[in-house]
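K.L.:
Supplied in structure tokens, the structure appears directly below.
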Amino acid sequence: MSDLVTGDAVVLGLRPARLPSRGVAFVLDLIVYFVGYQVINIGLIFAIGSLDSAAFAAVTVGSFLLFMVGAPIAVETLSHGRSLGKLAFGLRVVRDDGGPIRFRHALVRGAMGAVELLGTSGIVACIASLVSERGRRLGDVFAGTLVVRERVPGTRVVPVPPPPPGLAGRFTGLDLSGVPDPLWLAIRQYLTRMGQLDHQVGAAMAVRLADDLVARTGTPPPPGVPAAAYLAAVVHERQSRDAARMFGGGPVAYAAPVVPAAPVVPAAPAAPVVAREPRSGGFAPPG
């Protein structure tokens, strides 16, 4: 569960970036890298101007590959998938499972990018992105990555949706005391943003969150209930309990175990009352 929502990770299932936004972001990155390469190249001309032509050509080609291929790898590794162009257009490179990329992912993307972007002027990358259902180029396929849109225009944070009518009140006896706060946060983030999520990855995320919730409550959802509906019903139950504790005049027990009552022991029969005759000089009770 902890790898679903972390400080560096991305909420799973954000919408994949398509070719136009990726293309413009790449052009911006290419301009920045090319300007940087030209600055480095001017410095190399003064530093190695005394070398022969073969050595000078070797150093020039090496610096080109190092800067145009190595720089994107370093930037994506250090920024966890956010280059300058992607940052400007609200894009980010993530793993297939939604986590932040590492050096090996950036290395594969950079190596394949040298072929499909620089070697073919982006033609292969454009074709692969158009054919792919998620707009992935070959570097993404081999690296196991995906470029997503972190900023989706026209969206806003919405409250947790209510559960289906048939599930309302179905989990009143569920023990929620063992559910940690990070899991509640992950579930709430999923429910409030599931309208922005990619359908396939969002469904997989709902199943994973539901499995984590079942592992901590010990109660699986009713048969045939979708994972997202189960999550919404459990969150609604917790909100109802919180509201009852706050406004209902007392705490609500989280399915406390039932203690069997002690067996009732019959009382001993009372001793019979024996009437005694009054002593002389006393007052007898009225007959």
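For the structure tokens, the naming scheme is as follows: chains receive sequential letters (A, B, ...) according to their order of presentation, residues are indexed from 1 within each chain, and ligands are indexed from 1 in presentation order.
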Excluding Leu78 in chain A and residues on its chain fewer than 6 positions from it, collect all residues at most 10 Å away from it, counting only C-alpha atoms, and give them as number ranges by chain.

P.N.:
A: 72, 101-103, 106

K.L.:
How about saving the chosen residues, N, CA and C atoms kept, as a PDB file, in the first residue's frame?

P.N.:
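Written out: result_12.pdb:
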ATOM      1  N   PRO A  72      19.620  14.179 -20.787  1.00  0.00           N
ATOM      2  CA  PRO A  72      18.231  13.790 -20.508  1.00  0.00           C
ATOM      3  C   PRO A  72      18.124  12.662 -19.486  1.00  0.00           C
ATOM      4  N   ILE A 101      10.220   6.954 -11.635  1.00  0.00           N
ATOM      5  CA  ILE A 101      11.223   6.204 -12.380  1.00  0.00           C
ATOM      6  C   ILE A 101      12.565   6.283 -11.671  1.00  0.00           C
ATOM      7  N   ARG A 102      13.455   5.339 -12.007  1.00  0.00           N
ATOM      8  CA  ARG A 102      14.806   5.307 -11.475  1.00  0.00           C
ATOM      9  C   ARG A 102      15.794   5.394 -12.626  1.00  0.00           C
ATOM     10  N   PHE A 103      17.070   5.233 -12.286  1.00  0.00           N
ATOM     11  CA  PHE A 103      18.110   5.422 -13.292  1.00  0.00           C
ATOM     12  C   PHE A 103      17.965   4.434 -14.442  1.00  0.00           C
ATOM     13  N   ALA A 106      15.339   5.621 -16.881  1.00  0.00           N
ATOM     14  CA  ALA A 106      15.804   6.764 -17.665  1.00  0.00           C
ATOM     15  C   ALA A 106      16.884   6.349 -18.657  1.00  0.00           C
TER      16      ALA A 106
END

K.L.:
For Asp212 in chain A, list every protein, DNA or RNA residue within 12 Å, evaluated using only C-alpha atoms, and leave out those in the same chain fewer than 5 positions away; present the list as a PyMOL selection string.

P.N.:
chain A and resi 1-2+4+178-180+182-184+186-187+205-207+217-220+227+231

K.L.:
Can you list every residue in range 50-263 of chain A that DSSP puts in alpha helix (DSSP H), as JSON, numbers by chain?

P.N.:
{"A": [53, 54, 55, 56, 57, 58, 59, 60, 61, 62, 63, 64, 65, 71, 72, 73, 74, 75, 76, 77, 78, 84, 85, 86, 87, 88, 103, 104, 105, 106, 107, 108, 109, 110, 111, 112, 113, 123, 124, 125, 126, 127, 128, 129, 130, 131, 138, 139, 140, 141, 142, 143, 181, 182, 183, 184, 185, 186, 187, 188, 189, 190, 191, 192, 193, 199, 200, 201, 202, 203, 204, 205, 206, 207, 208, 209, 210, 211, 212, 213, 214, 215, 216, 217, 227, 228, 229, 230, 231, 232, 233, 234, 235, 236, 237, 238, 239, 240, 241, 242, 243, 244, 245, 246, 247]}

K.L.:
Using only C-alpha atoms, which of the listed residues (A:Ala47, A:Ile127, A:Ala88, A:Val93) sits closest to Ala25 in chain A?

P.N.:
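Ranking A:Ala47, A:Ile127, A:Ala88, A:Val93 by distance to Ala25 in chain A, first place goes to A:Ala88.
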
K.L.:
Pick out the closest residue to Leu130 in chain A from this set: A:Arg188, A:Arg22, A:Arg193, A:Arg216. Count only C-alpha atoms.

P.N.:
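Checking each candidate against Leu130 in chain A, we get A:Arg22 as the closest.
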
K.L.:
What does the distance from CA of Asp96 in chain A to CA of Thr145 in chain A come to in Å, to one decimal?

P.N.:
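Computing the Euclidean distance for CA of Asp96 in chain A and CA of Thr145 in chain A yields 5.2 Å.
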
K.L.:
Could you please write out, as a tab-separated table (two decimals) with N, CA, C and O atoms, in the first residue's frame, every residue of range 33-173 of chain A that DSSP assigns to strand (DSSP E or B)?

P.N.:
chain	number	residue	atom	x	y	z
A	91	LEU	N	3.54	17.42	-17.58
A	91	LEU	CA	3.73	16.01	-17.89
A	91	LEU	C	4.76	15.42	-16.93
A	91	LEU	O	5.56	16.13	-16.31
A	92	ARG	N	4.76	14.12	-16.87
A	92	ARG	CA	5.75	13.42	-16.04
A	92	ARG	C	5.89	11.99	-16.50
A	92	ARG	O	4.91	11.36	-16.91
A	93	VAL	N	7.10	11.46	-16.43
A	93	VAL	CA	7.37	10.06	-16.75
A	93	VAL	C	7.26	9.25	-15.47
A	93	VAL	O	7.90	9.57	-14.46
A	94	VAL	N	6.44	8.20	-15.48
A	94	VAL	CA	6.28	7.32	-14.33
A	94	VAL	C	6.41	5.88	-14.79
A	94	VAL	O	6.38	5.58	-15.98
A	95	ARG	N	6.56	4.99	-13.82
A	95	ARG	CA	6.56	3.56	-14.13
A	95	ARG	C	5.15	3.11	-14.47
A	95	ARG	O	4.18	3.82	-14.24
A	100	PRO	N	7.66	6.49	-9.15
A	100	PRO	CA	8.67	7.32	-9.81
A	100	PRO	C	9.71	6.46	-10.51
A	100	PRO	O	10.05	5.37	-10.05
A	145	THR	N	7.66	2.28	-18.85
A	145	THR	CA	7.27	3.60	-18.33
A	145	THR	C	6.09	4.13	-19.11
A	145	THR	O	5.67	3.58	-20.13
A	146	LEU	N	5.57	5.26	-18.62
A	146	LEU	CA	4.42	5.91	-19.23
A	146	LEU	C	4.52	7.40	-18.93
A	146	LEU	O	4.88	7.79	-17.82
A	147	VAL	N	4.22	8.22	-19.92
A	147	VAL	CA	4.18	9.67	-19.72
A	147	VAL	C	2.73	10.05	-19.44
A	147	VAL	O	1.84	9.77	-20.25
A	148	VAL	N	2.51	10.68	-18.29
A	148	VAL	CA	1.14	11.03	-17.87
A	148	VAL	C	1.01	12.53	-17.73
A	148	VAL	O	2.00	13.26	-17.68
A	149	ARG	N	-0.23	12.96	-17.66
A	149	ARG	CA	-0.54	14.37	-17.45
A	149	ARG	C	-0.83	14.58	-15.97
A	149	ARG	O	-1.82	14.08	-15.44

K.L.:
Tell me which of A:Gly173, A:Gly202, A:Gly85, A:Gly139 sits closest to Met112 in chain A, counting only C-alpha atoms.

P.N.:
A:Gly139

K.L.:
Within 12 Å of Leu65 in chain A, counting only C-alpha atoms, which residues qualify if same-chain residues fewer than 4 places away don't, as a PyMOL selection string?

P.N.:
chain A and resi 33-34+37+58-61+69-73+110-111+113-115+118-119

K.L.:
Write a file of the selected residues as a compact mmCIF listing (two decimals), in the first residue's frame, keeping C-alpha atoms.

P.N.:
# COMPACT_ATOMS: atom_id res chain seq x y z
CA TYR A 33 19.91 20.73 -24.48
CA PHE A 34 21.17 22.04 -27.84
CA TYR A 37 25.70 21.69 -25.97
CA ALA A 58 36.21 12.14 -31.64
CA VAL A 59 35.93 14.55 -28.72
CA THR A 60 33.19 16.51 -30.49
CA VAL A 61 31.10 13.40 -31.20
CA VAL A 69 21.84 11.55 -24.47
CA GLY A 70 23.43 11.69 -21.04
CA ALA A 71 21.85 14.98 -20.00
CA PRO A 72 18.23 13.79 -20.51
CA ILE A 73 19.04 10.60 -18.56
CA GLY A 110 17.56 7.75 -23.24
CA ALA A 111 19.25 4.96 -25.20
CA GLY A 113 15.53 8.00 -27.66
CA ALA A 114 18.91 8.37 -29.36
CA VAL A 115 17.62 5.99 -32.06
CA LEU A 118 17.56 11.76 -32.80
CA GLY A 119 18.42 9.03 -35.32

K.L.:
Between CA of Phe142 in chain A and CA of Val108 in chain A, what is the distance, to one decimal in Å?

P.N.:
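Here the two named atoms are 7.0 Å from each other.
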
K.L.:
Which polymer residues have any atom within 9 Å of an atom of Leu84 in chain A, counting only C-alpha atoms, with same-chain residues fewer than 5 positions away left out, as a short mmCIF file (atom, residue, chain, number, x, y, z; two decimals) with C-alpha atoms, in the first residue's frame?

P.N.:
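selection-v4.cif, freshly written:
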data_model
loop_
_atom_site.label_atom_id
_atom_site.label_comp_id
_atom_site.auth_asym_id
_atom_site.auth_seq_id
_atom_site.Cartn_x
_atom_site.Cartn_y
_atom_site.Cartn_z
CA ALA A 25 7.62 19.27 -24.59
CA LEU A 28 11.44 22.56 -25.72
CA ASP A 29 13.81 20.07 -24.08
CA VAL A 32 17.53 23.66 -24.02
CA VAL A 75 17.63 15.11 -15.67
CA PHE A 89 3.27 21.28 -19.92
#

K.L.:
Can you tell me how far CA of Leu213 in chain A sits from CA of Gln196 in chain A, in Å to one decimal?

P.N.:
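Separating CA of Leu213 in chain A from CA of Gln196 in chain A is a distance of 22.5 Å.
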